[in-house]
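Everything on this sheet refers to the single structure shown next.
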Amino acid sequence: MRGLMMDFPLVVDALVRRARTVFPRREVVSRRDDGALHRTDYGAVADRVDRLVGALQSLGVRRGDRVATFAWNSHRHLELYLAVPGAGAVLHTVNVRLPAEQIAWIVRHAGDRLMFVDRSLVPAIRAALPALPSELQFVVLDDDGRGADAAVPGALDYEALLASSSPAPAVAVDERDAAGLCYTSGTTGEPKGVLYSHRSTVLHAFGCAMIDSLGVSQRATVLPVVPMFHAVSWGLPHASVLTGSKLVLPGSQLGGDALASLIEGEGVTLAAGVPTVWNLVLQSLRRQRRDLSKLRSIVVGGAAAPRALIESWQFEFGVSITHAWGMTETSPVGSCTHPGSTGLPANDVGDIDARCKPGRPVPGLEARILDDDGEDLPWDGVAAGELCVRGPWVAANYFGGAGAEVFTSDGWFRTGDVATIDAEGRIAITDRKKDLIKSRGEWISSQALENAAMAFPGVLEAAACARPDELRDEAPVLFVVPADRAQPPSPRDLVAHLARHFAKWQLPRVEDVRIVDAIPKTGTGKFDKKAMRVALRSSG
Ligand code: ADP
């Protein structure tokens with residue numbers, strides 16, 4: 001017998017309808033390139049979304065067409081997030097930090113028809129122009145309406161386009177139609193396109209609103225530092241529109257001081273970004289104290305949140321980090337650990353221990369760990385295997401298809417991450433399969449070495465990767481950025497510190513601790529292990 005409930009379509013337009021009618025005066029604040037703040041609200045955003053749907057249609061955009069954005073987090077990008085799926089098209093968020101040839105590769109692979117580009121990012125697009133399809137139509141997003149055509153030949157100006165377009169209603173779509181497209185940044189290989197559906201987008205937004213997930217709510221003021229071109233800004237824009245949280249968008253200014261002043265000035269309660277960002281904000285706050293009394297939680301994910309980072313925020317500023325794990329393929333929120341999830345106070349060492357792991361799968365997502373033969377491993381917090389997940393916002397394939405190897409025969413997505421799960425369902429990521437260091441047949445976790453090194457005084461950042469070694473197959477090399485260049489930490493003392501946490505065979509040699517000015521980062525701000533290994537090979 002079938003249930004007798006409405007088959008209510010889960011489509012992005014439903015989020016817009018809700019924001020327009022229920023939270024029309026809730027604020028959306030974005031930072032302009034000149035540093036000034038632009039203030040609008042959901043009611044005005046929804047009206048502009050209607051116009052944008054009309055504009056897209058007048059430019060010939062039809063159901064299923066891909067429309068690219070090349071932009072920082074701003075109210076205009078938010079409008080595109082809502083209007084492109086509203087027009088029945090697919091929003092392709094292109095990572096602005098990629099090299100020109102990868103941008104061109106992705107745009108061609110996606111088959112984009114139209115590209116919306118921030119004025120400040122025009123130089124990057126001009127560099128990619130020779131390799132981009134000549135028929136690609138550009139629209140420039142500009143705070144000050146300077147001539148778009150002069151920026152990119154033939155380009156339209158976004159504001160002029162909106163002003164000259166009539167509002168149009170959202171196109172009726174099936175909830176299983178594609179709404180978004182995001183390529184993985186290719187940290188471990190070729191970029192792969194993850195094609196989100198309306199249904200997965202809306203369910204993920206509901207997921208992000210759960211208190212045991214990101215906890216986005218109408219009482220929150222949300223600052224997504226994680227870019228809207230990276231893994232849908234962790235679902236925060238959609239979840240904010242759904243719940244009516246105030247949204248604070250940082251634009252192109254992502255330095256520690258700029259973010260700290262935004263947190264204080266706008267009364268941010270919930271902020272989210274990769275660990276390197278929160279390190280920068282921490283440095284800024286140490287130079288200049290700010291009123292952080294409203295800031296209830298920082299969600300750190302995208303890479304392991306080092307213990308030193310969690311402790312510094314907790315003990316120096318009384319702000320508790322929520323540690324999250326996810327991937328572009330999981331929309332991306334997959335698991336998280338909130339302060340107090342242990343029943344202990346957030347400043348208790350037991351609670352900090354728990355928050356060094358990204359924790360339980362968020363409600364809606366299921367996880368398991370498999371050994372090399374595809375057998376399930378026990379959830380004992382010790383056995384480590386490949387983390388596999390499934391759920392309504394997990395990719396079932398890649399755009400253009402990617403082969404069966406990323407899925408188990410019974411349909412679970414293989415993450416490529418190595419993890420343990422304990423008896424309470426808490427996931428701990430040990431490493432990425434490709435980043436593990438194999439020494440005499442045993443694995444060394446590069447992530448564990450990094451985290452231990454970053455807890456040593458005077459170390460700002462540390463990243464480990466493998467170098468070939470005749471005796472050990474592979475040996476760890478540790479790149480270290482000192483907090484103070486004038487007084488770098490001593491490699492010998494650092495290795496002695498590591499020796500307290502690791503077996504002797506797992507340690508880098510003293511000469512393999514390399515003090516550097518900077519560690520190469522990927523387009524998403526993570527340590528670029530691929531580039532590190534290439535640099536090692538070329539330096540011998
Ligand atoms: P890319 O593959 O381009 O790096 P993603 O942004 O999708 O793209 O990265 C997902 C990966 O980031 C995960 O597979 C995992 O390796 C890493 N990651 C994300 N969150 C965490 C975390 N909390 N701890 C450790 N690793 C993490």
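Residue numbers start at 1 in each chain; chains themselves are named A, B, ... in the order of the structure tokens; ligands are numbered from 1 in the order shown.
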- Message: For the strand (DSSP E or B) assignment from backbone DSSP, which residues of stretch 426-461 of chain A qualify? Please present them as a PyMOL selection string.
- Response: chain A and resi 427-432+437-439+442-444+459-461
Show which residues sit within 9 Å of A:Val67, as a ChimeraX atom specification. Count only C-alpha atoms, and ignore same-chain residues fewer than 6 positions away.
/A:61,84,89-93,111-116
Helix (DSSP H, G or I) residues, from DSSP on the backbone, in stretch 117-314 of chain A, as number ranges by chain
A: 119-131, 148-151, 158-163, 198-209, 231-243, 256-266, 275-287, 307-314
| Surrounding residues of A:Pro520 excluding itself and chain neighbours under 5 positions, 12 Å, only C-alpha atoms, as a PyMOL selection string | chain A and resi 187+461-464+479-481+525-535
Selected residues written out with N, CA and C atoms, as a PDB file, in the first residue's frame:
```
ATOM      1  N   THR A 187      43.041  17.453  -6.261  1.00  0.00           N
ATOM      2  CA  THR A 187      44.175  17.305  -5.342  1.00  0.00           C
ATOM      3  C   THR A 187      44.899  15.989  -5.610  1.00  0.00           C
ATOM      4  N   GLU A 461      52.949  26.362  10.204  1.00  0.00           N
ATOM      5  CA  GLU A 461      52.332  25.311   9.388  1.00  0.00           C
ATOM      6  C   GLU A 461      53.353  24.209   9.149  1.00  0.00           C
ATOM      7  N   ALA A 462      52.840  22.980   9.016  1.00  0.00           N
ATOM      8  CA  ALA A 462      53.731  21.866   8.702  1.00  0.00           C
ATOM      9  C   ALA A 462      52.991  20.912   7.784  1.00  0.00           C
ATOM     10  N   ALA A 463      53.690  20.415   6.785  1.00  0.00           N
ATOM     11  CA  ALA A 463      53.077  19.454   5.873  1.00  0.00           C
ATOM     12  C   ALA A 463      54.084  18.355   5.563  1.00  0.00           C
ATOM     13  N   ALA A 464      53.590  17.119   5.550  1.00  0.00           N
ATOM     14  CA  ALA A 464      54.487  15.979   5.331  1.00  0.00           C
ATOM     15  C   ALA A 464      54.128  15.268   4.040  1.00  0.00           C
ATOM     16  N   PHE A 479      57.849  19.659   5.720  1.00  0.00           N
ATOM     17  CA  PHE A 479      58.069  21.070   5.397  1.00  0.00           C
ATOM     18  C   PHE A 479      57.473  21.901   6.534  1.00  0.00           C
ATOM     19  N   VAL A 480      58.255  22.869   7.011  1.00  0.00           N
ATOM     20  CA  VAL A 480      57.805  23.638   8.175  1.00  0.00           C
ATOM     21  C   VAL A 480      57.910  25.132   7.883  1.00  0.00           C
ATOM     22  N   VAL A 481      56.798  25.837   8.087  1.00  0.00           N
ATOM     23  CA  VAL A 481      56.814  27.298   7.991  1.00  0.00           C
ATOM     24  C   VAL A 481      56.884  27.842   9.417  1.00  0.00           C
ATOM     25  N   GLY A 525      43.016  25.801  -0.821  1.00  0.00           N
ATOM     26  CA  GLY A 525      43.728  26.182   0.402  1.00  0.00           C
ATOM     27  C   GLY A 525      44.283  25.008   1.193  1.00  0.00           C
ATOM     28  N   LYS A 526      44.313  23.817   0.587  1.00  0.00           N
ATOM     29  CA  LYS A 526      44.882  22.670   1.300  1.00  0.00           C
ATOM     30  C   LYS A 526      46.340  22.495   0.890  1.00  0.00           C
ATOM     31  N   PHE A 527      47.107  21.791   1.730  1.00  0.00           N
ATOM     32  CA  PHE A 527      48.478  21.507   1.354  1.00  0.00           C
ATOM     33  C   PHE A 527      48.462  20.727   0.037  1.00  0.00           C
ATOM     34  N   ASP A 528      49.264  21.188  -0.911  1.00  0.00           N
ATOM     35  CA  ASP A 528      49.270  20.555  -2.223  1.00  0.00           C
ATOM     36  C   ASP A 528      50.349  19.470  -2.247  1.00  0.00           C
ATOM     37  N   LYS A 529      49.945  18.260  -1.881  1.00  0.00           N
ATOM     38  CA  LYS A 529      50.916  17.168  -1.746  1.00  0.00           C
ATOM     39  C   LYS A 529      51.510  16.787  -3.099  1.00  0.00           C
ATOM     40  N   LYS A 530      50.674  16.924  -4.143  1.00  0.00           N
ATOM     41  CA  LYS A 530      51.173  16.597  -5.479  1.00  0.00           C
ATOM     42  C   LYS A 530      52.340  17.523  -5.814  1.00  0.00           C
ATOM     43  N   ALA A 531      52.136  18.841  -5.590  1.00  0.00           N
ATOM     44  CA  ALA A 531      53.194  19.825  -5.885  1.00  0.00           C
ATOM     45  C   ALA A 531      54.405  19.596  -4.985  1.00  0.00           C
ATOM     46  N   MET A 532      54.149  19.212  -3.730  1.00  0.00           N
ATOM     47  CA  MET A 532      55.276  18.978  -2.815  1.00  0.00           C
ATOM     48  C   MET A 532      56.131  17.810  -3.303  1.00  0.00           C
ATOM     49  N   ARG A 533      55.452  16.750  -3.768  1.00  0.00           N
ATOM     50  CA  ARG A 533      56.218  15.592  -4.243  1.00  0.00           C
ATOM     51  C   ARG A 533      57.016  15.947  -5.506  1.00  0.00           C
ATOM     52  N   VAL A 534      56.403  16.758  -6.380  1.00  0.00           N
ATOM     53  CA  VAL A 534      57.117  17.174  -7.608  1.00  0.00           C
ATOM     54  C   VAL A 534      58.349  17.998  -7.219  1.00  0.00           C
ATOM     55  N   ALA A 535      58.165  18.938  -6.264  1.00  0.00           N
ATOM     56  CA  ALA A 535      59.285  19.790  -5.827  1.00  0.00           C
ATOM     57  C   ALA A 535      60.401  18.936  -5.237  1.00  0.00           C
TER      58      ALA A 535
END
```
Which one is closest to A:Val107: A:Ala503, A:Leu56, A:Ala151, A:Leu129? Count only C-alpha atoms.
->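 Looking only at the distances to A:Val107, the closest residue turns out to be A:Leu129.
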